[in-house]
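Trainee: Quick one: structure below, then a few questions.
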Amino acid sequence: MSVLPALPALPAATAVELEFDRQVHALVATGLPAMLGLAEECFRACCEPLRDALPAEPGGDRVPFVVVVPDVPALDVLATVQTADGGGSSTMGPDELARSRPLPELGVPPVPYLLLDVDTGPDTRDLPPREAAPRLAAAGRTPLTIAEGLALLVSDPGVLRSRGCYALLGCRADDARVPVLSVSGRRPLLGWSDGTAPQAWLGTASCAGRVTGGPAVPEVRD
């Protein structure tokens, strides 16, 4: 009897790959594929090219990457982020959310992408979000959008704490207000800050870059 040759062992998944799978599963668990009119298999296939853009496993206190799907139904996704006291809510209505759009200079991709080296801004607490903007730019970082802030929250609901709330300066409406993810009654709350008053509990979230499954998407700066 002939002996079949042994099949080569498959490489073990890295910690970064396992974290990627976990984040995609967390997005699926919110019901996002159905919200977008996609079958789960199709949604996962849309995210799969990002696996090739995953960063090397880094150290430090920042979040290495977050899987982001642009133009998510923010209120529906927020309601699925469950804590012991219930799901998230918002003081922003659909019309307000529709007016609060990503800043063009961020170059936000129109397809699923990775947010890299994410920070909720503990070093910018007690600094008004508008004053934090030049500090972020000088450090080569850009602020987060509403969709990105929600993706971070979905990937790790524990990132939002009473003294770990974060402003999303990457989205702006037609006024001076800045979107903020905070905690109210121990539940996530999407609301507004006037952007000019310092708050000891509020930082300004930022990232080092955005990449799709292909080449990196460059940040556009003045």
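Residue numbering restarts at 1 in every chain; chains get A, B, ... in the order shown in the structure tokens, and ligands count up from 1 in that same order.
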As a PyMOL selection string, please: the residues near A:Cys47 (cut-off 10 Å, only C-alpha atoms, same-chain neighbours under 3 positions excluded).
Mentor: chain A and resi 20-21+24+42-44+50-51+67-69+111-114+212-213
Trainee: Could you give me, as a ChimeraX atom specification, the residues within 8 Å of A:Pro143, counting only C-alpha atoms and dropping anything in the same chain fewer than 3 positions from it?
Mentor: /A:133,136,168-170,204-207
Trainee: Selected residues, C-alpha atoms, written as a PDB file, in the first residue's frame, please.
Mentor:
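File selection-v4.pdb, as written:
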```pdb
ATOM      1  CA  ALA A 133      -6.121  69.831  16.320  1.00  0.00           C
ATOM      2  CA  LEU A 136      -2.261  66.285  16.398  1.00  0.00           C
ATOM      3  CA  LEU A 168     -14.353  62.930  17.036  1.00  0.00           C
ATOM      4  CA  LEU A 169     -12.901  66.032  15.451  1.00  0.00           C
ATOM      5  CA  GLY A 170     -12.686  64.355  12.036  1.00  0.00           C
ATOM      6  CA  THR A 204      -9.473  64.039  21.228  1.00  0.00           C
ATOM      7  CA  ALA A 205      -9.138  60.676  19.463  1.00  0.00           C
ATOM      8  CA  SER A 206      -6.621  60.327  16.653  1.00  0.00           C
ATOM      9  CA  CYS A 207      -4.816  57.859  14.405  1.00  0.00           C
TER      10      CYS A 207
END
```
Trainee: Any idea what's packed within 12 Å of A:Pro33, counting only C-alpha atoms, ignoring anything in its chain fewer than 4 positions away? Could you give it as a list in words?
Mentor: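 Counting only the stated atoms, we get Val24, His25, Ala26, Leu27, Val28, Ala29, Gly37, Leu38, Ala39, Glu40, Glu41, Cys42, Phe43, Arg44, Ala45, Cys46, Cys47, Val69, Val72, Pro73, Asp76 and Val77 of chain A.
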Trainee: Go ahead and dump the residues you just picked, N, CA and C atoms, as a compact mmCIF listing (two decimals), in the first residue's frame.
Mentor:
```txt
# COMPACT_ATOMS: atom_id res chain seq x y z
N VAL A 24 -13.71 41.68 12.94
CA VAL A 24 -14.69 41.45 11.88
C VAL A 24 -15.92 40.74 12.44
N HIS A 25 -15.69 39.76 13.31
CA HIS A 25 -16.82 39.06 13.93
C HIS A 25 -17.65 40.02 14.78
N ALA A 26 -16.99 40.94 15.49
CA ALA A 26 -17.72 41.90 16.31
C ALA A 26 -18.60 42.79 15.44
N LEU A 27 -18.11 43.18 14.26
CA LEU A 27 -18.92 43.98 13.34
C LEU A 27 -20.11 43.17 12.83
N VAL A 28 -19.87 41.90 12.52
CA VAL A 28 -20.97 41.02 12.08
C VAL A 28 -22.01 40.89 13.18
N ALA A 29 -21.55 40.78 14.43
CA ALA A 29 -22.47 40.58 15.56
C ALA A 29 -23.38 41.78 15.78
N GLY A 37 -27.39 45.74 3.70
CA GLY A 37 -27.99 44.97 2.63
C GLY A 37 -27.07 43.92 2.05
N LEU A 38 -26.16 43.38 2.88
CA LEU A 38 -25.21 42.39 2.42
C LEU A 38 -25.39 41.07 3.16
N ALA A 39 -25.14 39.97 2.47
CA ALA A 39 -25.04 38.69 3.15
C ALA A 39 -23.78 38.69 4.00
N GLU A 40 -23.80 37.91 5.08
CA GLU A 40 -22.63 37.88 5.95
C GLU A 40 -21.38 37.47 5.20
N GLU A 41 -21.50 36.48 4.32
CA GLU A 41 -20.33 36.00 3.58
C GLU A 41 -19.77 37.11 2.69
N CYS A 42 -20.65 37.90 2.10
CA CYS A 42 -20.21 39.00 1.24
C CYS A 42 -19.51 40.07 2.07
N PHE A 43 -20.08 40.37 3.24
CA PHE A 43 -19.47 41.36 4.12
C PHE A 43 -18.07 40.93 4.53
N ARG A 44 -17.93 39.67 4.94
CA ARG A 44 -16.61 39.18 5.34
C ARG A 44 -15.63 39.22 4.17
N ALA A 45 -16.12 38.91 2.96
CA ALA A 45 -15.25 38.94 1.78
C ALA A 45 -14.78 40.37 1.50
N CYS A 46 -15.63 41.36 1.77
CA CYS A 46 -15.24 42.76 1.56
C CYS A 46 -14.14 43.18 2.52
N CYS A 47 -14.13 42.58 3.71
CA CYS A 47 -13.11 42.91 4.72
C CYS A 47 -11.82 42.13 4.52
N VAL A 69 -15.74 50.32 8.63
CA VAL A 69 -16.60 50.31 7.45
C VAL A 69 -17.21 51.71 7.34
N VAL A 72 -21.54 53.79 7.92
CA VAL A 72 -22.41 52.87 8.66
C VAL A 72 -23.62 53.63 9.19
N PRO A 73 -24.75 52.95 9.41
CA PRO A 73 -25.89 53.60 10.07
C PRO A 73 -25.58 53.79 11.55
N ASP A 76 -28.04 52.92 14.51
CA ASP A 76 -28.33 51.48 14.62
C ASP A 76 -27.15 50.72 15.20
N VAL A 77 -25.94 51.06 14.75
CA VAL A 77 -24.75 50.39 15.27
C VAL A 77 -24.56 50.72 16.74
```
Trainee: Can you list, as a VMD selection string, every residue of stretch 2-220 of chain A that DSSP puts in helix (DSSP H, G or I)?
Mentor: chain A and resid 15 to 29 32 to 35 40 to 53 74 to 79 94 to 99 104 to 106 122 to 124 129 to 138 146 to 155 157 to 159
Trainee: I want to know what sits within 8 Å of A:Arg101, based on only C-alpha atoms, with residues of the same chain fewer than 3 positions away left out; could you give that as a list in words?
Mentor: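 Counting only C-alpha atoms, the residues come to Leu97, Ala98, Cys171, Arg172 and Ala173 of chain A.
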Trainee: Which residue out of A:Leu103, A:Val108, A:Leu160, A:Leu150 has the minimum interatomic distance to A:Thr120 when only C-alpha atoms are used?
Mentor: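 For A:Thr120, the nearest of the candidates is A:Leu160.
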Trainee: For atom CA of A:Thr83 and atom CA of A:Val16, quote the distance in Å rounded to one decimal.
Mentor: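 So the two atoms, atom CA of A:Thr83 and atom CA of A:Val16, lie 25.6 Å apart.
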Trainee: In Å to one decimal, how far is atom CA of A:Asp175 from atom CA of A:Asp194?
Mentor: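 Computing the Euclidean distance for atom CA of A:Asp194 and atom CA of A:Asp175 yields 9.2 Å.
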Trainee: At what distance in Å, to one decimal, does atom CA of A:Ala151 lie from atom CA of A:Ala208?
Mentor: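 One can read the atom CA of A:Ala208 to atom CA of A:Ala151 distance as 15.8 Å.
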Trainee: I want to know what sits within 10 Å of A:Pro128, based on only C-alpha atoms, with residues of the same chain fewer than 5 positions away left out; could you give that as a compact mmCIF listing (two decimals) with N, CA and C atoms, in the first residue's frame?
Mentor:
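Output file selection.txt follows:
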```txt
# COMPACT_ATOMS: atom_id res chain seq x y z
N ALA A 133 -6.33 70.11 17.74
CA ALA A 133 -6.12 69.83 16.32
C ALA A 133 -4.70 70.15 15.85
N ALA A 167 -13.45 62.95 21.77
CA ALA A 167 -14.04 63.80 20.73
C ALA A 167 -13.64 63.27 19.36
N SER A 193 -19.96 68.36 21.69
CA SER A 193 -19.23 69.30 22.53
C SER A 193 -19.14 70.60 21.74
N ASP A 194 -19.05 71.73 22.45
CA ASP A 194 -18.92 72.99 21.71
C ASP A 194 -17.52 73.16 21.12
N GLY A 195 -16.59 72.27 21.48
CA GLY A 195 -15.26 72.28 20.88
C GLY A 195 -14.31 73.31 21.43
N THR A 196 -14.78 74.17 22.34
CA THR A 196 -13.94 75.25 22.82
C THR A 196 -13.68 75.20 24.32
N ALA A 197 -14.44 74.37 25.05
CA ALA A 197 -14.31 74.32 26.50
C ALA A 197 -13.48 73.11 26.91
N PRO A 198 -12.48 73.28 27.78
CA PRO A 198 -11.70 72.13 28.26
C PRO A 198 -12.52 71.27 29.20
N GLN A 199 -12.34 69.95 29.11
CA GLN A 199 -13.04 69.00 29.97
C GLN A 199 -12.02 67.97 30.47
N ALA A 200 -11.99 67.74 31.78
CA ALA A 200 -11.02 66.81 32.34
C ALA A 200 -11.26 65.37 31.88
N LEU A 202 -12.46 64.49 28.79
CA LEU A 202 -12.60 64.39 27.34
C LEU A 202 -11.26 64.60 26.64
N GLY A 203 -10.84 63.57 25.88
CA GLY A 203 -9.68 63.70 25.01
C GLY A 203 -10.13 63.80 23.56
N THR A 204 -9.18 63.99 22.67
CA THR A 204 -9.47 64.04 21.23
C THR A 204 -8.82 62.83 20.57
```
Trainee: Could you go through stretch 97-161 of chain A and tell me which residues DSSP, when run on the backbone, assigns to strand (DSSP E or B), listing them as a count of residues only?
Mentor: 11
